[in-house]
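So the structure is just underneath, and the comments pick up after that.
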Amino acid sequence: MKDFEAYFKISYGLYLISTDNNGKHSGYIANTAFQVTAEPSQIAISCSKGNFTTDLIDSSGKFNISVLCQNTGEDVFSIFGYKSGRDIDKFAEFEYFNSPNQCPVLKKDIIAWFDCEVKYKLDVGTHIIFVGEVTDYDLIDKSVEPITYAYYREVKKAKAPKNAPTYQKETDTKENIEDSDIKWVCPVCGYVYIAEEGDAHSEIAPGTAFENIPDNWKCPVCGVHKEDFIAK
Ligand code: FE
């Protein structure tokens, strides 16, 4: 009983949630965004109280949900998924435009977006659920598939950032590190290099030991340098 794998059978997408409060903007990657009503159209998001963007949404009363495409760049995951808007202006690294309600939206890797005005707010402990009414939306590219959380976990072999509602500390670690002597783990996103699989992203052949990967190799998920990987 209580097989943690059960949690991974719940399906999610991955989204970039952003907002702007009087010129101060930020955003983060979330898997918990879902439409809750059709008339009017309302979408809910569950935001960690630890996220800078959560404070901004609480103040601004608005947010934008952008749907990420399947081949979203590692730079987007690295900056928006694993860094804090308290430390850097995340959007400064990218080209973006302002949506009709003045929230920043990336010009790349986004296939659709929704502007929302906060109508309800629910404190659920570590997170706040905001329900927003959709005030505007657009489809940018219908030929590209949206990324799912399962794809992100299985293909990119990443684990959730610690502020994600679905973060499972013990399980994520155990799942990625079992059955081995030493595993090389990305300290930022939790990606684990598996020698038997190599890294197709960087043309590292299956069977290549971590020690034999070129020194300029980087984490395929978030771009951390090889030298910063941790042996566990
Ligand atoms: Fe990484």
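In the structure tokens, each chain is lettered A, B, ... as it comes, each chain's residues begin at 1, and ligands are numbered from 1 in order of appearance.
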
Backbone DSSP call of helix (DSSP H, G or I) for stretch 6-230 of chain A, listed as a PyMOL selection string = chain A and resi 6-9+52-60+74-82+90-93+149-154+169-177+200-202+210-212+226-228

Expected file: the selected residues, N, CA and C atoms, as a short mmCIF file (atom, residue, chain, number, x, y, z; two decimals), in the first residue's frame:
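See part.cif below for the written result:
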data_model
loop_
_atom_site.label_atom_id
_atom_site.label_comp_id
_atom_site.auth_asym_id
_atom_site.auth_seq_id
_atom_site.Cartn_x
_atom_site.Cartn_y
_atom_site.Cartn_z
N ALA A 6 1.85 6.01 -7.47
CA ALA A 6 0.45 6.39 -7.71
C ALA A 6 0.34 7.88 -8.04
N TYR A 7 1.14 8.70 -7.34
CA TYR A 7 1.07 10.15 -7.58
C TYR A 7 1.48 10.52 -9.01
N PHE A 8 2.37 9.71 -9.59
CA PHE A 8 2.86 10.03 -10.93
C PHE A 8 1.86 9.64 -12.02
N LYS A 9 0.75 9.01 -11.60
CA LYS A 9 -0.29 8.65 -12.56
C LYS A 9 -1.31 9.78 -12.71
N PHE A 52 8.24 34.13 -5.09
CA PHE A 52 8.15 35.58 -5.21
C PHE A 52 6.92 35.96 -6.03
N THR A 53 6.67 35.19 -7.10
CA THR A 53 5.53 35.49 -7.99
C THR A 53 4.20 35.43 -7.22
N THR A 54 4.11 34.55 -6.23
CA THR A 54 2.88 34.43 -5.45
C THR A 54 2.57 35.75 -4.74
N ASP A 55 3.59 36.34 -4.15
CA ASP A 55 3.40 37.64 -3.48
C ASP A 55 2.95 38.70 -4.49
N LEU A 56 3.57 38.65 -5.68
CA LEU A 56 3.22 39.65 -6.70
C LEU A 56 1.77 39.47 -7.18
N ILE A 57 1.35 38.21 -7.36
CA ILE A 57 -0.03 37.96 -7.80
C ILE A 57 -1.01 38.43 -6.72
N ASP A 58 -0.65 38.18 -5.46
CA ASP A 58 -1.50 38.58 -4.35
C ASP A 58 -1.70 40.10 -4.37
N SER A 59 -0.65 40.83 -4.74
CA SER A 59 -0.74 42.30 -4.78
C SER A 59 -1.39 42.81 -6.06
N SER A 60 -1.04 42.20 -7.19
CA SER A 60 -1.53 42.72 -8.48
C SER A 60 -2.95 42.29 -8.80
N GLU A 74 16.01 24.32 -22.21
CA GLU A 74 16.51 24.10 -20.85
C GLU A 74 16.71 25.44 -20.14
N ASP A 75 16.97 26.50 -20.92
CA ASP A 75 17.17 27.80 -20.29
C ASP A 75 15.88 28.28 -19.60
N VAL A 76 14.74 27.96 -20.20
CA VAL A 76 13.46 28.36 -19.60
C VAL A 76 13.24 27.61 -18.28
N PHE A 77 13.51 26.29 -18.30
CA PHE A 77 13.37 25.50 -17.06
C PHE A 77 14.35 25.97 -16.00
N SER A 78 15.56 26.24 -16.43
CA SER A 78 16.60 26.63 -15.49
C SER A 78 16.26 27.94 -14.79
N ILE A 79 15.87 28.94 -15.57
CA ILE A 79 15.60 30.27 -15.00
C ILE A 79 14.25 30.31 -14.28
N PHE A 80 13.20 29.85 -14.94
CA PHE A 80 11.85 29.99 -14.36
C PHE A 80 11.49 28.88 -13.38
N GLY A 81 12.18 27.72 -13.50
CA GLY A 81 11.84 26.61 -12.62
C GLY A 81 12.68 26.53 -11.36
N TYR A 82 13.91 27.02 -11.45
CA TYR A 82 14.83 26.75 -10.35
C TYR A 82 15.53 27.97 -9.78
N LYS A 90 13.90 37.42 -13.92
CA LYS A 90 13.93 36.24 -14.80
C LYS A 90 13.67 36.61 -16.27
N PHE A 91 12.79 37.55 -16.50
CA PHE A 91 12.46 37.89 -17.89
C PHE A 91 13.57 38.67 -18.59
N ALA A 92 14.53 39.19 -17.83
CA ALA A 92 15.62 39.95 -18.44
C ALA A 92 16.46 39.07 -19.36
N GLU A 93 16.39 37.76 -19.14
CA GLU A 93 17.19 36.82 -19.94
C GLU A 93 16.51 36.47 -21.27
N TYR A 149 3.74 17.01 -17.67
CA TYR A 149 4.63 16.78 -16.52
C TYR A 149 5.27 15.41 -16.64
N ALA A 150 4.52 14.43 -17.14
CA ALA A 150 5.06 13.08 -17.31
C ALA A 150 6.22 13.09 -18.31
N TYR A 151 6.06 13.83 -19.39
CA TYR A 151 7.13 13.94 -20.40
C TYR A 151 8.36 14.57 -19.77
N TYR A 152 8.14 15.59 -19.00
CA TYR A 152 9.24 16.29 -18.34
C TYR A 152 10.00 15.35 -17.39
N ARG A 153 9.24 14.56 -16.64
CA ARG A 153 9.87 13.62 -15.69
C ARG A 153 10.58 12.48 -16.41
N GLU A 154 9.91 11.92 -17.41
CA GLU A 154 10.42 10.70 -18.04
C GLU A 154 11.46 10.97 -19.12
N LYS A 169 10.06 14.84 -1.84
CA LYS A 169 11.49 14.82 -1.55
C LYS A 169 12.10 13.42 -1.52
N GLU A 170 11.60 12.58 -0.63
CA GLU A 170 12.21 11.26 -0.45
C GLU A 170 12.04 10.40 -1.70
N THR A 171 10.85 10.43 -2.26
CA THR A 171 10.56 9.55 -3.38
C THR A 171 11.34 9.92 -4.61
N ASP A 172 11.41 11.21 -4.90
CA ASP A 172 12.13 11.63 -6.09
C ASP A 172 13.58 11.19 -5.99
N THR A 173 14.14 11.34 -4.83
CA THR A 173 15.54 11.00 -4.65
C THR A 173 15.72 9.49 -4.79
N LYS A 174 14.86 8.73 -4.11
CA LYS A 174 14.98 7.29 -4.15
C LYS A 174 14.76 6.74 -5.56
N GLU A 175 13.75 7.29 -6.20
CA GLU A 175 13.41 6.80 -7.53
C GLU A 175 14.57 6.96 -8.49
N ASN A 176 15.26 8.09 -8.40
CA ASN A 176 16.32 8.37 -9.35
C ASN A 176 17.65 7.73 -8.98
N ILE A 177 17.80 7.36 -7.74
CA ILE A 177 19.13 6.96 -7.30
C ILE A 177 19.25 5.47 -6.96
N ALA A 200 21.35 11.67 -25.07
CA ALA A 200 21.14 11.88 -26.51
C ALA A 200 21.14 13.36 -26.86
N HIS A 201 20.67 14.17 -25.93
CA HIS A 201 20.59 15.63 -26.11
C HIS A 201 21.96 16.21 -26.50
N SER A 202 23.02 15.66 -25.88
CA SER A 202 24.38 16.17 -26.15
C SER A 202 25.23 15.13 -26.89
N PHE A 210 30.32 8.79 -16.42
CA PHE A 210 30.27 10.23 -16.16
C PHE A 210 31.64 10.87 -16.30
N GLU A 211 32.66 10.16 -15.82
CA GLU A 211 34.03 10.68 -15.85
C GLU A 211 34.51 10.93 -17.29
N ASN A 212 33.93 10.19 -18.24
CA ASN A 212 34.40 10.30 -19.63
C ASN A 212 33.60 11.30 -20.48
N LYS A 226 29.03 20.51 -15.83
CA LYS A 226 29.40 19.17 -15.36
C LYS A 226 30.12 19.22 -14.02
N GLU A 227 31.01 20.19 -13.88
CA GLU A 227 31.84 20.26 -12.66
C GLU A 227 31.01 20.51 -11.41
N ASP A 228 29.79 20.99 -11.60
CA ASP A 228 28.94 21.27 -10.43
C ASP A 228 28.07 20.08 -10.02
#

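Environment of ligand 1, defined as every protein or nucleic acid residue with an atom within 6 Å of it and counting only C-alpha atoms and all ligand atoms, comprises Cys186, Val188, Cys189, Gly190, Tyr191, Cys219, Val221, Cys222, Gly223 and Val224 of chain A.
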
Would you mind exporting N, CA and C atoms of the selected residues as a CSV table (one decimal), in the first residue's frame?
chain,number,residue,atom,x,y,z
A,186,CYS,N,22.4,16.5,-10.8
A,186,CYS,CA,22.4,17.9,-11.0
A,186,CYS,C,21.9,18.6,-9.6
A,188,VAL,N,20.9,21.5,-9.1
A,188,VAL,CA,19.8,22.5,-9.3
A,188,VAL,C,18.5,21.9,-9.6
A,189,CYS,N,18.5,21.0,-10.6
A,189,CYS,CA,17.1,20.5,-11.0
A,189,CYS,C,16.9,19.0,-10.6
A,190,GLY,N,18.0,18.3,-10.2
A,190,GLY,CA,17.8,16.9,-9.8
A,190,GLY,C,17.9,15.9,-10.9
A,191,TYR,N,18.3,16.4,-12.1
A,191,TYR,CA,18.5,15.4,-13.2
A,191,TYR,C,19.6,14.5,-12.7
A,219,CYS,N,24.1,20.0,-17.9
A,219,CYS,CA,22.8,19.4,-17.5
A,219,CYS,C,21.9,19.6,-18.7
A,221,VAL,N,18.8,19.4,-18.7
A,221,VAL,CA,17.5,20.0,-18.3
A,221,VAL,C,17.7,21.4,-18.0
A,222,CYS,N,18.7,21.8,-17.2
A,222,CYS,CA,18.8,23.2,-16.8
A,222,CYS,C,20.1,23.9,-17.1
A,223,GLY,N,21.0,23.2,-17.6
A,223,GLY,CA,22.3,23.9,-18.1
A,223,GLY,C,23.4,24.0,-17.1
A,224,VAL,N,23.2,23.4,-15.9
A,224,VAL,CA,24.3,23.4,-14.9
A,224,VAL,C,25.6,22.7,-15.5

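From atom CA of A:Glu133 back to atom CA of A:Cys47, the distance works out to 16.5 Å.
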
Write out as a compact mmCIF listing (two decimals) with N, CA and C atoms, in the first residue's frame the residues lying within 9 Å of A:Ala205, counting only C-alpha atoms and excluding same-chain residues fewer than 5 positions away.
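The new file part_35.txt reads:
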# COMPACT_ATOMS: atom_id res chain seq x y z
N ALA A 195 24.63 6.35 -16.84
CA ALA A 195 25.66 5.97 -17.81
C ALA A 195 25.11 5.02 -18.87
N GLU A 196 24.24 4.10 -18.46
CA GLU A 196 23.72 3.12 -19.42
C GLU A 196 22.92 3.81 -20.54
N GLU A 197 22.35 4.95 -20.21
CA GLU A 197 21.52 5.66 -21.19
C GLU A 197 22.26 6.76 -21.93
N GLY A 198 23.34 7.27 -21.34
CA GLY A 198 24.03 8.40 -21.95
C GLY A 198 23.14 9.63 -21.96
N ASP A 199 23.38 10.54 -22.89
CA ASP A 199 22.57 11.75 -23.00
C ASP A 199 22.45 12.11 -24.48
N ALA A 200 21.35 11.67 -25.07
CA ALA A 200 21.14 11.88 -26.51
C ALA A 200 21.14 13.36 -26.86

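Proximity to A:Cys69 was assessed for A:Phe130, A:Tyr15, A:Phe34, A:Tyr28 counting only C-alpha atoms; the smallest distance is recorded for A:Tyr15.
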
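Each of A:Thr37, A:Thr148, A:Asn71, A:Thr19 was compared to A:Pro100 using only C-alpha atoms, and A:Thr19 turns out to be the nearest.
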
A:Cys103, A:Ile88, A:Ala164, A:Ala209 ranked by distance to A:Ile182, top pick (using only C-alpha atoms) | A:Ala209

Taking the DSSP assignment computed from this structure's backbone, write out as a PyMOL selection string all residues of stretch 62-146 of chain A that belong to strand (DSSP E).
-> chain A and resi 62-68+96-98+104-106+110-123+127-139

Who sits within 12 Å of stretch 106-112 of chain A, only C-alpha atoms, same chain under 6 positions skipped, as an MDAnalysis selection string = chainID A and resid 14:18 26:28 64:77 80 90:99 136:147

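In this structure, atom CA of A:Lys162 sits 12.8 Å away from atom CA of A:Asn31.
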
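Between atom CA of A:Phe63 and atom CA of A:Gly13 there is a distance of 17.3 Å.
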
Which one is closest to A:Val124: A:Gln102, A:Asn163, A:Ser48, A:Ser84? Count only C-alpha atoms.
-> A:Ser48

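Distance check against A:Val185 using only C-alpha atoms: of A:Ile213, A:Ile230, A:Ala160, A:Val155, the minimum falls on A:Ile230.
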
A:Val134 environment, 7 Å, only C-alpha atoms, sequence neighbours closer than 2 positions dropped, as a PyMOL selection string | chain A and resi 41-42+114-117+132+136
